[in-house]
Amino acid sequence: MNLLPIEIYLVLAGVIPLGVCFAKWKFAMNWKVAFILCAGLSWIYFNLWMAKLDPPDNGFANFVYLVSGWFWLLPIFAILFVGFRLTETRASSSRGLKVASVGFNICAGITAVIVLWNLVGRMSAERAVTQARIELEERGYKPTGREIPSFEDGHWIIRYPDSDFGEIRLTRNGRMSWIGGPG
C-alpha cells in the first residue's frame with residue numbers, strides 16, 4: 001500500500017460520526033447521548049493518534065490534543081445530524097432499522113480494520129523512499145546515487161551509500177528519526 005498509516009487513519013474522521021448517527025438510529029438513543037458518545041469517541045480517536053500513531057514533537061502539542069480531543073469530530077457529527085434527522089423521520093420503522101443496522105455494522109467494520117492497520121501496518125518501500133527524499137530535501141540535503149530501503153525494528157532505514165550523510169531513518173508515518181546514523 002502506498003499510503004502512510006496515518007493517512008488511512010484520517011478516514012475515521014468521517015466514519016466515526018457517521019457510525020454514531022447510525023448507532024443513534026439503530027438503538028433509538030437520545031441525540032444528547034449520541035452527542036456525548038461522539039465526543040468520547042473523538043477524544044479516543046485523537047489521543048490514540050497522538051499517543052501511538054503519530055506523536056507530536058513536543059509536550060505542549062500533546063496537551064492541546066489531550067484537552068481539545070473532545071471536540072474535533074463534533075462539527076462533522078453536527079452536519080450528519082441534520083441529514084439523519086430528516087431521514088429518520090421519513091423512513092418506515094422496519095426498513096429504517098435495517099438500514100441503520102447495516103450502516104452501523106459497516107462503520108464498525110471499517111473502523112476495526114483501519115485501527116488494526118494503523119497499529120500493525122506500515123508504508124511500502126516505494127513510499128518510504130519518497131518520504132525520505134522529501135525529508136532530506138526539507139533539510140537541505142540532496143539525495144544522490146543508490147537508495148536502499150530496509151525495514152528494521154519498526155522503522156524504515158533508507159541507505160544512500162553514494163552520499164555524504166549515509167542514511168536516514170523514518171518513523172512508521174514517514175517522519176525523520178535521524179540522518180546519517182543513530183542519534
# chains A, B, ... in the order shown; residues from 1 in each chain; ligands from 1
call {"tool": "closest_atom_pairs", "arguments": {"of": "range 89-160 of chain A", "to": "range 16-29 of chain A", "cutoff": "8 Å", "atoms": "only C-alpha atoms", "output": "tab-separated table"}}
result
residue	atom	partner	partner_atom	distance
A:Leu97	CA	A:Lys26	CA	5.6
A:Ala100	CA	A:Phe22	CA	5.0
A:Ser101	CA	A:Lys26	CA	5.8
A:Gly103	CA	A:Phe22	CA	6.0
A:Phe104	CA	A:Phe22	CA	5.1
A:Cys107	CA	A:Gly19	CA	5.2
A:Ala108	CA	A:Gly19	CA	6.9
A:Thr111	CA	A:Ile16	CA	7.4
call {"tool": "write_last_selection", "arguments": {"atoms": "all heavy atoms", "output": "short mmCIF file (atom, residue, chain, number, x, y, z; two decimals), in the first residue's frame"}}
result
data_model
loop_
_atom_site.label_atom_id
_atom_site.label_comp_id
_atom_site.auth_asym_id
_atom_site.auth_seq_id
_atom_site.Cartn_x
_atom_site.Cartn_y
_atom_site.Cartn_z
N LEU A 97 -34.75 0.65 10.53
CA LEU A 97 -33.91 -0.10 11.46
C LEU A 97 -32.92 -1.00 10.72
O LEU A 97 -31.78 -1.17 11.15
CB LEU A 97 -34.76 -0.92 12.42
CG LEU A 97 -35.45 -0.12 13.52
CD1 LEU A 97 -36.34 -1.02 14.36
CD2 LEU A 97 -34.43 0.57 14.39
N ALA A 100 -30.21 1.27 9.36
CA ALA A 100 -29.37 1.69 10.48
C ALA A 100 -28.45 0.57 10.93
O ALA A 100 -27.26 0.80 11.21
CB ALA A 100 -30.24 2.16 11.65
N SER A 101 -28.97 -0.65 10.99
CA SER A 101 -28.16 -1.79 11.42
C SER A 101 -27.03 -2.08 10.44
O SER A 101 -25.88 -2.28 10.85
CB SER A 101 -29.06 -3.01 11.58
OG SER A 101 -28.32 -4.11 12.01
N GLY A 103 -25.72 0.04 8.21
CA GLY A 103 -24.79 1.17 8.26
C GLY A 103 -23.89 1.13 9.48
O GLY A 103 -22.68 1.37 9.38
N PHE A 104 -24.45 0.81 10.63
CA PHE A 104 -23.66 0.71 11.85
C PHE A 104 -22.61 -0.40 11.74
O PHE A 104 -21.45 -0.20 12.09
CB PHE A 104 -24.59 0.44 13.05
CG PHE A 104 -23.85 0.23 14.34
CD1 PHE A 104 -23.30 1.30 15.03
CD2 PHE A 104 -23.69 -1.05 14.85
CE1 PHE A 104 -22.61 1.10 16.21
CE2 PHE A 104 -23.01 -1.26 16.04
CZ PHE A 104 -22.46 -0.18 16.72
N CYS A 107 -19.78 0.70 9.36
CA CYS A 107 -18.90 1.68 10.01
C CYS A 107 -18.02 1.03 11.07
O CYS A 107 -16.83 1.34 11.17
CB CYS A 107 -19.73 2.81 10.62
SG CYS A 107 -20.47 3.91 9.41
N ALA A 108 -18.60 0.10 11.83
CA ALA A 108 -17.81 -0.61 12.86
C ALA A 108 -16.72 -1.46 12.22
O ALA A 108 -15.59 -1.50 12.71
CB ALA A 108 -18.73 -1.47 13.72
N THR A 111 -13.94 0.81 10.86
CA THR A 111 -13.16 1.34 11.98
C THR A 111 -12.20 0.29 12.51
O THR A 111 -11.02 0.58 12.75
CB THR A 111 -14.11 1.82 13.10
OG1 THR A 111 -14.94 2.84 12.58
CG2 THR A 111 -13.33 2.34 14.29
#
call {"tool": "residues_around", "arguments": {"residues": "Pro5 in chain A", "least_positions_apart": "6", "cutoff": "7 Å", "atoms": "only C-alpha atoms", "output": "MDAnalysis selection string"}}
result
chainID A and resid 118 121:123 173
call {"tool": "residues_around", "arguments": {"residues": "Phe71 in chain A", "least_positions_apart": "3", "cutoff": "9 Å", "atoms": "only C-alpha atoms", "output": "JSON, numbers by chain"}}
result
{"A": [38, 39, 40, 42, 43, 67, 68, 74, 75]}
call {"tool": "select_by_dssp", "arguments": {"residues": "range 9-55 of chain A", "states": "alpha helix (DSSP H)", "output": "ChimeraX atom specification"}}
result
/A:9,12-27,31-48
call {"tool": "residues_around", "arguments": {"residues": "Arg139 in chain A", "least_positions_apart": "5", "cutoff": "12 Å", "atoms": "only C-alpha atoms", "output": "PyMOL selection string"}}
result
chain A and resi 132-134+165+168+176+178-179
call {"tool": "atom_distance", "arguments": {"atom1": "CA of Val11 in chain A", "atom2": "CA of Arg175 in chain A"}}
result
20.0 Å
call {"tool": "residues_around", "arguments": {"residues": "Ile148 in chain A", "least_positions_apart": "5", "cutoff": "8 Å", "atoms": "only C-alpha atoms", "output": "compact mmCIF listing (two decimals) with all heavy atoms, in the first residue's frame"}}
result
# COMPACT_ATOMS: atom_id res chain seq x y z
N ILE A 158 16.64 4.12 5.02
CA ILE A 158 16.99 4.21 3.62
C ILE A 158 18.46 4.61 3.57
O ILE A 158 18.85 5.68 4.06
CB ILE A 158 16.11 5.23 2.86
CG1 ILE A 158 14.64 4.76 2.79
CG2 ILE A 158 16.59 5.37 1.43
CD1 ILE A 158 13.86 4.93 3.97
N ARG A 159 19.25 3.72 3.00
CA ARG A 159 20.70 3.94 2.93
C ARG A 159 21.06 4.56 1.59
O ARG A 159 20.54 4.17 0.55
CB ARG A 159 21.43 2.62 3.14
CG ARG A 159 21.26 2.12 4.56
CD ARG A 159 21.99 0.81 4.84
NE ARG A 159 21.90 0.47 6.24
CZ ARG A 159 20.85 -0.14 6.79
NH1 ARG A 159 19.81 -0.47 6.06
NH2 ARG A 159 20.84 -0.42 8.08
N TYR A 160 21.96 5.52 1.63
CA TYR A 160 22.50 6.20 0.46
C TYR A 160 24.01 6.02 0.48
O TYR A 160 24.74 6.89 0.96
CB TYR A 160 22.15 7.70 0.51
CG TYR A 160 20.67 7.98 0.40
CD1 TYR A 160 19.86 8.01 1.53
CD2 TYR A 160 20.08 8.22 -0.84
CE1 TYR A 160 18.51 8.27 1.44
CE2 TYR A 160 18.73 8.49 -0.94
CZ TYR A 160 17.94 8.51 0.20
OH TYR A 160 16.61 8.77 0.11
call {"tool": "select_by_dssp", "arguments": {"residues": "range 52-181 of chain A", "states": "strand (DSSP E or B)", "output": "list in words"}}
result
Ile148, Pro149, Ser150, Phe151, Glu152, His155, Trp156, Ile157, Ile158, Arg159, Glu167, Ile168, Arg169, Leu170, Met176, Ser177, Trp178 and Ile179 of chain A
call {"tool": "write_last_selection", "arguments": {"atoms": "N, CA, C and O atoms", "output": "short mmCIF file (atom, residue, chain, number, x, y, z; two decimals), in the first residue's frame"}}
result
data_model
loop_
_atom_site.label_atom_id
_atom_site.label_comp_id
_atom_site.auth_asym_id
_atom_site.auth_seq_id
_atom_site.Cartn_x
_atom_site.Cartn_y
_atom_site.Cartn_z
N ILE A 148 18.67 2.43 -0.86
CA ILE A 148 18.44 1.05 -0.43
C ILE A 148 17.54 1.06 0.80
O ILE A 148 18.00 1.32 1.92
N PRO A 149 16.21 0.79 0.62
CA PRO A 149 15.31 0.76 1.77
C PRO A 149 15.40 -0.56 2.53
O PRO A 149 15.59 -1.63 1.94
N SER A 150 15.27 -0.46 3.85
CA SER A 150 15.31 -1.65 4.69
C SER A 150 14.43 -1.39 5.91
O SER A 150 14.54 -0.35 6.55
N PHE A 151 13.52 -2.34 6.21
CA PHE A 151 12.63 -2.19 7.37
C PHE A 151 13.24 -2.93 8.54
O PHE A 151 13.39 -4.16 8.51
N GLU A 152 13.61 -2.18 9.59
CA GLU A 152 14.26 -2.77 10.76
C GLU A 152 13.66 -2.22 12.03
O GLU A 152 13.54 -1.01 12.19
N HIS A 155 10.96 0.53 11.87
CA HIS A 155 11.30 1.77 11.18
C HIS A 155 11.90 1.46 9.82
O HIS A 155 12.52 0.42 9.62
N TRP A 156 11.73 2.40 8.89
CA TRP A 156 12.39 2.29 7.60
C TRP A 156 13.73 3.00 7.68
O TRP A 156 13.82 4.13 8.17
N ILE A 157 14.77 2.33 7.21
CA ILE A 157 16.09 2.95 7.07
C ILE A 157 16.41 2.92 5.59
O ILE A 157 16.43 1.86 4.97
N ILE A 158 16.64 4.12 5.02
CA ILE A 158 16.99 4.21 3.62
C ILE A 158 18.46 4.61 3.57
O ILE A 158 18.85 5.68 4.06
N ARG A 159 19.25 3.72 3.00
CA ARG A 159 20.70 3.94 2.93
C ARG A 159 21.06 4.56 1.59
O ARG A 159 20.54 4.17 0.55
N GLU A 167 22.61 7.63 5.52
CA GLU A 167 21.29 7.02 5.67
C GLU A 167 20.34 7.94 6.41
O GLU A 167 20.75 8.89 7.06
N ILE A 168 19.06 7.60 6.32
CA ILE A 168 18.02 8.31 7.03
C ILE A 168 17.07 7.26 7.61
O ILE A 168 16.80 6.25 6.97
N ARG A 169 16.61 7.51 8.81
CA ARG A 169 15.65 6.60 9.44
C ARG A 169 14.32 7.32 9.57
O ARG A 169 14.26 8.47 10.01
N LEU A 170 13.23 6.62 9.18
CA LEU A 170 11.89 7.18 9.21
C LEU A 170 11.01 6.43 10.21
O LEU A 170 11.15 5.22 10.37
N MET A 176 11.15 11.87 9.90
CA MET A 176 12.54 11.53 10.11
C MET A 176 12.85 11.31 11.59
O MET A 176 12.44 12.08 12.45
N SER A 177 13.57 10.22 11.87
CA SER A 177 14.09 9.98 13.22
C SER A 177 15.51 10.52 13.33
O SER A 177 15.87 11.15 14.31
N TRP A 178 16.32 10.21 12.32
CA TRP A 178 17.68 10.72 12.26
C TRP A 178 18.24 10.63 10.85
O TRP A 178 17.72 9.92 10.01
N ILE A 179 19.28 11.42 10.62
CA ILE A 179 20.01 11.40 9.35
C ILE A 179 21.46 11.09 9.66
O ILE A 179 22.04 11.67 10.57
#
call {"tool": "decode", "arguments": {"residues": "range 22-48 of chain A", "atoms": "N, CA and C atoms", "output": "PDB file, in the first residue's frame"}}
result
ATOM      1  N   PHE A  22     -25.665   6.288  12.877  1.00  0.00           N
ATOM      2  CA  PHE A  22     -26.336   5.002  12.653  1.00  0.00           C
ATOM      3  C   PHE A  22     -26.656   4.317  13.989  1.00  0.00           C
ATOM      4  N   ALA A  23     -25.747   4.406  14.961  1.00  0.00           N
ATOM      5  CA  ALA A  23     -25.983   3.802  16.272  1.00  0.00           C
ATOM      6  C   ALA A  23     -27.159   4.476  16.971  1.00  0.00           C
ATOM      7  N   LYS A  24     -27.240   5.792  16.845  1.00  0.00           N
ATOM      8  CA  LYS A  24     -28.359   6.526  17.441  1.00  0.00           C
ATOM      9  C   LYS A  24     -29.665   6.031  16.864  1.00  0.00           C
ATOM     10  N   TRP A  25     -29.687   5.846  15.553  1.00  0.00           N
ATOM     11  CA  TRP A  25     -30.885   5.394  14.849  1.00  0.00           C
ATOM     12  C   TRP A  25     -31.206   3.939  15.211  1.00  0.00           C
ATOM     13  N   LYS A  26     -30.182   3.090  15.213  1.00  0.00           N
ATOM     14  CA  LYS A  26     -30.374   1.661  15.478  1.00  0.00           C
ATOM     15  C   LYS A  26     -30.835   1.397  16.909  1.00  0.00           C
ATOM     16  N   PHE A  27     -30.224   2.053  17.878  1.00  0.00           N
ATOM     17  CA  PHE A  27     -30.518   1.796  19.281  1.00  0.00           C
ATOM     18  C   PHE A  27     -31.504   2.793  19.888  1.00  0.00           C
ATOM     19  N   ALA A  28     -32.081   3.663  19.053  1.00  0.00           N
ATOM     20  CA  ALA A  28     -33.077   4.662  19.482  1.00  0.00           C
ATOM     21  C   ALA A  28     -32.563   5.511  20.639  1.00  0.00           C
ATOM     22  N   MET A  29     -31.327   5.977  20.495  1.00  0.00           N
ATOM     23  CA  MET A  29     -30.723   6.826  21.523  1.00  0.00           C
ATOM     24  C   MET A  29     -31.266   8.255  21.424  1.00  0.00           C
ATOM     25  N   ASN A  30     -31.175   8.960  22.492  1.00  0.00           N
ATOM     26  CA  ASN A  30     -31.455  10.383  22.521  1.00  0.00           C
ATOM     27  C   ASN A  30     -30.281  11.086  21.828  1.00  0.00           C
ATOM     28  N   TRP A  31     -30.532  12.242  21.183  1.00  0.00           N
ATOM     29  CA  TRP A  31     -29.451  12.947  20.492  1.00  0.00           C
ATOM     30  C   TRP A  31     -28.391  13.451  21.476  1.00  0.00           C
ATOM     31  N   LYS A  32     -28.777  13.763  22.688  1.00  0.00           N
ATOM     32  CA  LYS A  32     -27.790  14.194  23.675  1.00  0.00           C
ATOM     33  C   LYS A  32     -26.815  13.059  24.004  1.00  0.00           C
ATOM     34  N   VAL A  33     -27.348  11.850  24.133  1.00  0.00           N
ATOM     35  CA  VAL A  33     -26.498  10.687  24.402  1.00  0.00           C
ATOM     36  C   VAL A  33     -25.566  10.440  23.209  1.00  0.00           C
ATOM     37  N   ALA A  34     -26.098  10.567  21.992  1.00  0.00           N
ATOM     38  CA  ALA A  34     -25.275  10.383  20.793  1.00  0.00           C
ATOM     39  C   ALA A  34     -24.181  11.450  20.719  1.00  0.00           C
ATOM     40  N   PHE A  35     -24.514  12.679  21.107  1.00  0.00           N
ATOM     41  CA  PHE A  35     -23.547  13.772  21.121  1.00  0.00           C
ATOM     42  C   PHE A  35     -22.416  13.476  22.101  1.00  0.00           C
ATOM     43  N   ILE A  36     -22.760  13.011  23.295  1.00  0.00           N
ATOM     44  CA  ILE A  36     -21.754  12.671  24.310  1.00  0.00           C
ATOM     45  C   ILE A  36     -20.910  11.483  23.846  1.00  0.00           C
ATOM     46  N   LEU A  37     -21.555  10.492  23.222  1.00  0.00           N
ATOM     47  CA  LEU A  37     -20.832   9.340  22.682  1.00  0.00           C
ATOM     48  C   LEU A  37     -19.839   9.763  21.603  1.00  0.00           C
ATOM     49  N   CYS A  38     -20.258  10.656  20.716  1.00  0.00           N
ATOM     50  CA  CYS A  38     -19.358  11.143  19.662  1.00  0.00           C
ATOM     51  C   CYS A  38     -18.189  11.923  20.264  1.00  0.00           C
ATOM     52  N   ALA A  39     -18.452  12.726  21.284  1.00  0.00           N
ATOM     53  CA  ALA A  39     -17.370  13.471  21.944  1.00  0.00           C
ATOM     54  C   ALA A  39     -16.370  12.520  22.579  1.00  0.00           C
ATOM     55  N   GLY A  40     -16.857  11.467  23.227  1.00  0.00           N
ATOM     56  CA  GLY A  40     -15.963  10.478  23.836  1.00  0.00           C
ATOM     57  C   GLY A  40     -15.137   9.737  22.800  1.00  0.00           C
ATOM     58  N   LEU A  41     -15.772   9.347  21.700  1.00  0.00           N
ATOM     59  CA  LEU A  41     -15.035   8.666  20.626  1.00  0.00           C
ATOM     60  C   LEU A  41     -14.042   9.606  19.956  1.00  0.00           C
ATOM     61  N   SER A  42     -14.385  10.882  19.876  1.00  0.00           N
ATOM     62  CA  SER A  42     -13.462  11.882  19.340  1.00  0.00           C
ATOM     63  C   SER A  42     -12.208  11.961  20.201  1.00  0.00           C
ATOM     64  N   TRP A  43     -12.391  11.964  21.510  1.00  0.00           N
ATOM     65  CA  TRP A  43     -11.253  12.021  22.423  1.00  0.00           C
ATOM     66  C   TRP A  43     -10.364  10.782  22.259  1.00  0.00           C
ATOM     67  N   ILE A  44     -10.976   9.610  22.175  1.00  0.00           N
ATOM     68  CA  ILE A  44     -10.213   8.371  21.982  1.00  0.00           C
ATOM     69  C   ILE A  44      -9.474   8.401  20.650  1.00  0.00           C
ATOM     70  N   TYR A  45     -10.165   8.812  19.595  1.00  0.00           N
ATOM     71  CA  TYR A  45      -9.588   8.873  18.247  1.00  0.00           C
ATOM     72  C   TYR A  45      -8.338   9.754  18.221  1.00  0.00           C
ATOM     73  N   PHE A  46      -8.437  10.970  18.714  1.00  0.00           N
ATOM     74  CA  PHE A  46      -7.298  11.883  18.633  1.00  0.00           C
ATOM     75  C   PHE A  46      -6.194  11.557  19.624  1.00  0.00           C
ATOM     76  N   ASN A  47      -6.526  11.001  20.756  1.00  0.00           N
ATOM     77  CA  ASN A  47      -5.466  10.629  21.681  1.00  0.00           C
ATOM     78  C   ASN A  47      -4.759   9.351  21.270  1.00  0.00           C
ATOM     79  N   LEU A  48      -5.457   8.440  20.600  1.00  0.00           N
ATOM     80  CA  LEU A  48      -4.792   7.279  20.014  1.00  0.00           C
ATOM     81  C   LEU A  48      -3.853   7.735  18.903  1.00  0.00           C
TER      82      LEU A  48
END
